[in-house]
file start_38.txt (compact mmCIF, C-alpha atoms)
# COMPACT_ATOMS: atom_id res chain seq x y z
CA MET A 1 -58.94 -115.27 -29.52
CA SER A 2 -61.97 -113.15 -30.27
CA LEU A 3 -62.82 -110.11 -32.36
CA PHE A 4 -66.12 -109.65 -30.60
CA GLY A 5 -67.04 -108.29 -27.20
CA GLN A 6 -69.17 -109.95 -24.55
CA ASP A 7 -72.28 -111.85 -25.62
CA ARG A 8 -74.42 -109.15 -24.01
CA SER A 9 -73.40 -105.67 -25.07
CA PHE A 10 -73.11 -102.68 -22.75
CA LEU A 11 -76.28 -100.95 -23.98
CA HIS A 12 -78.34 -104.13 -23.87
CA ALA A 13 -77.10 -104.92 -20.35
CA LEU A 14 -78.27 -101.53 -19.04
CA PRO A 15 -81.77 -101.16 -17.60
CA THR A 16 -84.09 -99.58 -20.18
CA ALA A 17 -84.36 -96.28 -18.32
CA ASP A 18 -80.58 -95.95 -18.04
CA ARG A 19 -80.09 -96.79 -21.70
CA ARG A 20 -82.54 -94.07 -22.69
CA SER A 21 -80.84 -91.61 -20.35
CA LEU A 22 -77.42 -92.29 -21.85
CA LEU A 23 -78.64 -91.93 -25.44
CA ALA A 24 -80.43 -88.69 -24.53
CA GLU A 25 -77.06 -87.25 -23.45
CA GLY A 26 -75.64 -87.43 -26.96
CA VAL A 27 -76.04 -86.49 -30.60
CA ARG A 28 -76.97 -88.98 -33.30
CA ARG A 29 -74.40 -89.47 -36.07
CA VAL A 30 -74.24 -91.54 -39.24
CA TYR A 31 -70.88 -92.77 -40.59
CA GLU A 32 -70.35 -93.94 -44.15
CA PRO A 33 -68.41 -97.12 -45.04
CA GLY A 34 -64.69 -96.54 -44.54
CA GLU A 35 -65.17 -93.36 -42.51
CA VAL A 36 -62.93 -93.00 -39.46
CA MET A 37 -65.13 -92.62 -36.39
CA ILE A 38 -62.30 -92.38 -33.84
CA ARG A 39 -58.65 -91.84 -34.72
CA GLU A 40 -55.72 -93.44 -32.90
CA ARG A 41 -53.66 -91.02 -30.74
CA ASP A 42 -56.32 -88.31 -31.03
CA THR A 43 -57.02 -86.41 -27.81
CA SER A 44 -60.82 -86.33 -28.17
CA ALA A 45 -62.81 -88.06 -25.41
CA TYR A 46 -66.32 -88.64 -26.76
CA VAL A 47 -67.89 -92.08 -26.56
CA LEU A 48 -69.88 -93.63 -29.40
CA ALA A 49 -72.87 -95.81 -28.55
CA LEU A 50 -73.46 -97.94 -31.63
CA LEU A 51 -77.07 -98.33 -32.76
CA SER A 52 -76.60 -100.21 -36.03
CA GLY A 53 -73.87 -101.45 -38.36
CA TRP A 54 -70.37 -102.80 -37.77
CA SER A 55 -67.12 -100.99 -37.06
CA VAL A 56 -63.50 -102.12 -37.02
CA VAL A 57 -61.11 -101.33 -34.16
CA SER A 58 -57.48 -101.23 -35.32
CA VAL A 59 -54.00 -99.94 -34.51
CA GLY A 60 -51.17 -98.94 -36.80
CA THR A 61 -47.91 -100.91 -36.85
CA GLU A 62 -44.31 -99.81 -37.27
CA ARG A 63 -44.36 -101.30 -40.79
CA GLY A 64 -47.11 -98.95 -41.84
CA SER A 65 -49.81 -101.63 -41.88
CA ARG A 66 -52.64 -102.06 -39.40
CA LEU A 67 -53.71 -104.76 -36.98
CA ILE A 68 -57.43 -105.30 -36.45
CA LEU A 69 -58.16 -105.76 -32.77
CA ALA A 70 -61.93 -106.11 -32.75
CA LEU A 71 -65.27 -105.75 -34.47
CA ARG A 72 -67.92 -103.74 -32.68
CA GLY A 73 -71.62 -103.77 -33.51
CA ALA A 74 -75.00 -102.55 -32.35
CA GLY A 75 -75.35 -102.17 -28.58
CA GLU A 76 -71.66 -101.67 -27.89
CA VAL A 77 -69.77 -98.53 -26.92
CA VAL A 78 -66.40 -97.52 -28.34
CA GLY A 79 -64.05 -94.81 -27.16
CA ASP A 80 -64.83 -95.49 -23.51
CA LEU A 81 -61.18 -96.00 -22.48
CA ALA A 82 -60.17 -92.45 -23.41
CA ALA A 83 -63.32 -91.12 -21.75
CA VAL A 84 -62.47 -92.93 -18.51
CA ASP A 85 -58.70 -92.29 -18.27
CA ARG A 86 -58.63 -89.05 -20.34
CA GLY A 87 -55.60 -90.29 -22.26
CA PRO A 88 -55.03 -90.30 -26.05
CA ARG A 89 -57.01 -92.73 -28.18
CA SER A 90 -55.44 -96.19 -28.05
CA ALA A 91 -56.91 -97.31 -31.40
CA SER A 92 -58.83 -96.18 -34.45
CA VAL A 93 -62.46 -97.12 -35.09
CA THR A 94 -63.61 -97.26 -38.72
CA ALA A 95 -67.06 -97.91 -40.13
CA LEU A 96 -67.16 -101.25 -41.94
CA GLY A 97 -70.53 -100.42 -43.48
CA THR A 98 -72.98 -97.64 -42.72
CA VAL A 99 -72.96 -97.11 -38.95
CA GLU A 100 -75.48 -95.20 -36.86
CA ALA A 101 -74.29 -94.08 -33.42
CA VAL A 102 -74.88 -91.61 -30.63
CA ALA A 103 -71.87 -89.48 -29.63
CA VAL A 104 -71.69 -88.67 -25.92
CA SER A 105 -69.04 -86.29 -24.57
CA GLY A 106 -66.47 -87.69 -22.17
CA ASP A 107 -67.67 -85.43 -19.36
CA ARG A 108 -71.29 -86.54 -19.74
CA PHE A 109 -70.28 -90.20 -19.98
CA ARG A 110 -68.23 -89.96 -16.78
CA ARG A 111 -71.13 -88.29 -14.98
CA PHE A 112 -73.45 -91.02 -16.22
CA LEU A 113 -71.13 -93.71 -14.79
CA ALA A 114 -70.60 -91.85 -11.50
CA ALA A 115 -74.35 -91.79 -10.88
CA ARG A 116 -74.80 -95.49 -11.72
CA PRO A 117 -72.37 -97.94 -10.06
CA HIS A 118 -73.88 -100.86 -11.98
CA ALA A 119 -73.00 -99.12 -15.28
CA THR A 120 -69.45 -98.58 -14.03
CA ALA A 121 -69.25 -102.30 -13.19
CA LEU A 122 -70.37 -103.12 -16.75
CA ILE A 123 -67.66 -100.90 -18.23
CA MET A 124 -65.01 -102.45 -15.97
CA ARG A 125 -66.13 -105.94 -16.99
CA GLN A 126 -65.95 -104.88 -20.64
CA LEU A 127 -62.41 -103.55 -20.23
CA ALA A 128 -61.37 -106.75 -18.42
CA THR A 129 -62.81 -108.90 -21.21
CA ARG A 130 -60.88 -106.93 -23.82
CA LEU A 131 -57.66 -107.24 -21.80
CA ARG A 132 -58.06 -111.01 -21.51
CA SER A 133 -58.76 -111.23 -25.24
CA ALA A 134 -55.58 -109.26 -25.97
CA ASP A 135 -53.57 -111.73 -23.85
CA VAL A 136 -55.00 -114.68 -25.81
CA GLU A 137 -54.26 -112.88 -29.07
CA ARG A 138 -50.60 -112.35 -28.18
CA ARG A 139 -50.24 -116.03 -27.34
CA ALA A 140 -51.83 -117.02 -30.67
CA LEU A 141 -49.49 -114.74 -32.63
CA ALA A 142 -46.50 -116.33 -30.93
CA SER A 143 -47.49 -119.99 -31.20
CA GLU A 144 -50.00 -120.61 -34.02
CA THR A 145 -49.56 -120.80 -37.78
CA VAL A 146 -51.27 -118.42 -40.19
CA LEU A 147 -53.55 -121.24 -41.33
CA GLN A 148 -54.58 -122.03 -37.76
CA ARG A 149 -55.23 -118.39 -36.90
CA LEU A 150 -57.20 -117.84 -40.10
CA ALA A 151 -59.31 -120.94 -39.47
CA ALA A 152 -60.05 -119.79 -35.91
CA ARG A 153 -61.03 -116.34 -37.15
CA LEU A 154 -63.35 -117.76 -39.83
CA VAL A 155 -65.01 -120.07 -37.29
CA GLU A 156 -65.63 -117.09 -35.01
CA LEU A 157 -66.85 -114.77 -37.76
CA THR A 158 -69.29 -117.25 -39.26
CA GLY A 159 -70.57 -118.15 -35.80
CA ARG A 160 -71.38 -114.52 -35.00
CA ALA A 161 -72.15 -113.04 -38.42
CA GLY A 162 -72.94 -115.93 -40.77
CA ARG A 163 -76.06 -117.25 -42.45
CA ARG A 164 -76.83 -120.64 -43.93
CA ALA A 165 -76.98 -120.69 -47.75
CA ASP A 166 -75.85 -122.76 -50.74
CA GLY A 167 -74.75 -125.75 -48.70
CA GLY A 168 -72.56 -123.68 -46.41
CA THR A 169 -72.37 -120.68 -44.10
CA VAL A 170 -71.92 -117.27 -45.72
CA LEU A 171 -69.89 -114.70 -43.81
CA GLU A 172 -72.13 -111.63 -43.77
CA LEU A 173 -69.36 -109.15 -42.94
CA PRO A 174 -67.74 -107.96 -46.19
CA LEU A 175 -64.10 -108.35 -45.10
CA PRO A 176 -61.57 -108.22 -47.97
CA GLN A 177 -58.41 -110.31 -47.79
CA HIS A 178 -56.29 -107.46 -46.46
CA ASP A 179 -58.73 -107.05 -43.54
CA LEU A 180 -58.64 -110.79 -42.84
CA ALA A 181 -54.86 -110.52 -42.81
CA ALA A 182 -55.01 -107.53 -40.46
CA ALA A 183 -57.36 -109.50 -38.19
CA ILE A 184 -54.83 -112.29 -37.62
CA GLY A 185 -51.55 -110.36 -37.76
CA ALA A 186 -50.42 -111.83 -41.08
CA THR A 187 -49.54 -110.56 -44.54
CA ARG A 188 -52.10 -110.50 -47.32
CA GLU A 189 -49.92 -112.93 -49.29
CA ALA A 190 -49.88 -115.45 -46.43
CA VAL A 191 -53.66 -115.24 -46.06
CA ALA A 192 -54.14 -115.66 -49.82
CA LYS A 193 -51.98 -118.82 -49.67
CA ALA A 194 -53.95 -120.20 -46.71
CA LEU A 195 -57.28 -119.46 -48.41
CA ARG A 196 -56.06 -121.21 -51.55
CA LEU A 197 -55.31 -124.33 -49.51
CA LEU A 198 -58.78 -124.20 -47.96
CA ARG A 199 -60.43 -123.73 -51.37
CA GLU A 200 -58.51 -126.62 -52.92
CA GLN A 201 -59.83 -128.96 -50.24
CA ASP A 202 -63.41 -127.60 -50.42
CA VAL A 203 -63.30 -126.25 -46.89
CA VAL A 204 -64.30 -122.75 -48.05
CA ARG A 205 -65.42 -120.97 -51.19
CA THR A 206 -64.42 -117.36 -51.79
CA ALA A 207 -65.49 -114.50 -54.05
CA ASN A 208 -65.09 -110.73 -53.90
CA ARG A 209 -65.41 -109.83 -50.16
CA THR A 210 -67.31 -113.08 -49.61
CA VAL A 211 -66.35 -116.27 -47.78
CA VAL A 212 -68.58 -119.34 -47.65
CA VAL A 213 -67.60 -122.06 -45.17
CA LEU A 214 -68.41 -125.42 -46.74
CA ASP A 215 -66.92 -127.80 -44.16
CA MET A 216 -67.21 -126.38 -40.65
CA PRO A 217 -66.02 -129.56 -38.80
CA VAL A 218 -62.71 -129.53 -40.68
CA LEU A 219 -62.34 -125.77 -40.19
CA VAL A 220 -62.81 -126.23 -36.43
CA LEU A 221 -60.13 -128.95 -36.38
CA LEU A 222 -57.79 -126.64 -38.28
CA ALA A 223 -58.43 -123.89 -35.75
CA GLN A 224 -57.54 -126.31 -32.97
CA GLY A 225 -54.34 -127.36 -34.74
CA ARG A 226 -55.64 -130.93 -35.11
CA ALA A 227 -55.99 -131.07 -38.90
CA ARG A 228 -54.72 -129.75 -42.20
CA PRO A 229 -56.74 -129.13 -45.40
CA GLY A 230 -58.11 -132.52 -46.38
CA GLY A 231 -59.42 -133.29 -42.92
CA ASN A 232 -56.57 -135.44 -41.52
CA PRO A 233 -57.19 -134.94 -37.79
CA ALA A 234 -53.69 -135.91 -36.69
CA ALA A 235 -51.66 -133.94 -39.23
CA ALA A 236 -50.15 -130.60 -38.44
CA SER A 237 -50.48 -127.75 -40.89
CA PRO A 238 -47.39 -126.68 -42.84
CA PRO A 239 -45.10 -124.56 -40.65
CA ASP A 240 -44.99 -121.59 -43.03
CA VAL A 241 -48.76 -121.26 -43.55
call {"tool": "encode", "arguments": {"input": "start_38.txt", "output": "structure tokens"}}
result
Amino acid sequence: MSLFGQDRSFLHALPTADRRSLLAEGVRRVYEPGEVMIRERDTSAYVLALLSGWSVVSVGTERGSRLILALRGAGEVVGDLAAVDRGPRSASVTALGTVEAVAVSGDRFRRFLAARPHATALIMRQLATRLRSADVERRALASETVLQRLAARLVELTGRAGRRADGGTVLELPLPQHDLAAAIGATREAVAKALRLLREQDVVRTANRTVVVLDMPVLVLLAQGRARPGGNPAAASPPDV
């Protein structure tokens, strides 16, 4: 399962001239932390090309909570599905920190794609990648424990947005526990319990909106379902965590 898009983002995969042309079609916007950039079920069709910062893609649930589907950063586009199929927004996009973006109208984005088949192919590949990721996510929700899903998410997050410091890897994205819970389809209480187990065995260290991975090999084994806190490679994690 993955919160991130392809290794090479849409903007970075475009030829330089095409990238400049697309950005020239839009208006530059700055979003503050926590600001909703795109709202689920809205009928707007603009596309946001992200220049800097991180945003969270999420959907609401019937229980009134939210499920985080993805993190999107510089070089990626969000809102492209509604621009392409002209349907309501399938998810909300919220600024995690300060985000700078260029807003391009749906009409202009469609014209841009129609004139550049290679750009259309990039968008189709992006949509396919997201669909495959959603399939993997559904399988994980059905078959993996909270501890396993949390470990997998932390491995992914530190690999993409971590820095070495203090004998471990610091997660640079300031995700609070309720966002970690929303990123793995679990309750905040279940995630707090799983983090406590990881702290007790010196696998991670946590502080306010900060996670430091101290023992990456054990965390990887946990993500694979081949260990439990303490590093026993053959033991399964407790069924309720």
call {"tool": "residues_near_point", "arguments": {"input": "start_38.txt", "point": "(-72.6, -81.5, -25.3)", "cutoff": "8 Å", "atoms": "all atoms listed in the file", "output": "count of residues only"}}
result
5
call {"tool": "residues_around", "arguments": {"input": "start_38.txt", "residues": "range 114-130 of chain A", "least_positions_apart": "2", "cutoff": "10 Å", "atoms": "all atoms listed in the file", "output": "PyMOL selection string"}}
result
chain A and resi 2-6+9-11+13-15+18-19+69-70+76-77+80-81+84+108-112+132-136
call {"tool": "closest_residue", "arguments": {"input": "start_38.txt", "among": "A:Thr206, A:Thr187, A:Gln148, A:Gln177", "to": "Val218 in chain A", "atoms": "all atoms listed in the file"}}
result
A:Gln148
call {"tool": "residues_around", "arguments": {"input": "start_38.txt", "residues": "Val155 in chain A", "least_positions_apart": "4", "cutoff": "9 Å", "atoms": "all atoms listed in the file", "output": "list in words"}}
result
Leu150, Ala151, Gly159, Arg160, Val213, Met216, Leu219, Val220 and Ala223 of chain A
call {"tool": "write_last_selection", "arguments": {"input": "start_38.txt", "atoms": "C-alpha atoms", "output": "compact mmCIF listing (two decimals), in the coordinates of the input"}}
result
# COMPACT_ATOMS: atom_id res chain seq x y z
CA LEU A 150 -57.20 -117.84 -40.10
CA ALA A 151 -59.31 -120.94 -39.47
CA GLY A 159 -70.57 -118.15 -35.80
CA ARG A 160 -71.38 -114.52 -35.00
CA VAL A 213 -67.60 -122.06 -45.17
CA MET A 216 -67.21 -126.38 -40.65
CA LEU A 219 -62.34 -125.77 -40.19
CA VAL A 220 -62.81 -126.23 -36.43
CA ALA A 223 -58.43 -123.89 -35.75
call {"tool": "atom_distance", "arguments": {"input": "start_38.txt", "atom1": "CA of Arg72 in chain A", "atom2": "CA of Pro217 in chain A"}}
result
26.6 Å
call {"tool": "closest_residue", "arguments": {"input": "start_38.txt", "among": "A:Arg149, A:Glu137, A:Gly53, A:Asp215", "to": "Ala161 in chain A", "atoms": "all atoms listed in the file"}}
result
A:Gly53
call {"tool": "closest_residue", "arguments": {"input": "start_38.txt", "among": "A:Ile184, A:Ala194, A:Ala74, A:Val59", "to": "Arg138 in chain A", "atoms": "only C-alpha atoms"}}
result
A:Ile184
call {"tool": "closest_residue", "arguments": {"input": "start_38.txt", "among": "A:Leu222, A:Val56, A:Ala186, A:Ala83", "to": "Pro174 in chain A", "atoms": "only C-alpha atoms"}}
result
A:Val56
call {"tool": "residues_around", "arguments": {"input": "start_38.txt", "residues": "Arg188 in chain A", "least_positions_apart": "3", "cutoff": "12 Å", "atoms": "only C-alpha atoms", "output": "PyMOL selection string"}}
result
chain A and resi 65-67+146+150+176-185+191-195+241
call {"tool": "atom_distance", "arguments": {"input": "start_38.txt", "atom1": "CA of Arg199 in chain A", "atom2": "CA of Leu96 in chain A"}}
result
25.3 Å
call {"tool": "closest_residue", "arguments": {"input": "start_38.txt", "among": "A:Ser44, A:Thr16, A:Thr210, A:Ser92", "to": "Thr158 in chain A", "atoms": "all atoms listed in the file"}}
result
A:Thr210
call {"tool": "atom_distance", "arguments": {"input": "start_38.txt", "atom1": "CA of Arg205 in chain A", "atom2": "CA of Gly167 in chain A"}}
result
10.8 Å
call {"tool": "residues_around", "arguments": {"input": "start_38.txt", "residues": "Arg29 in chain A", "least_positions_apart": "2", "cutoff": "9 Å", "atoms": "all atoms listed in the file", "output": "ChimeraX atom specification"}}
result
/A:27,31,99-103
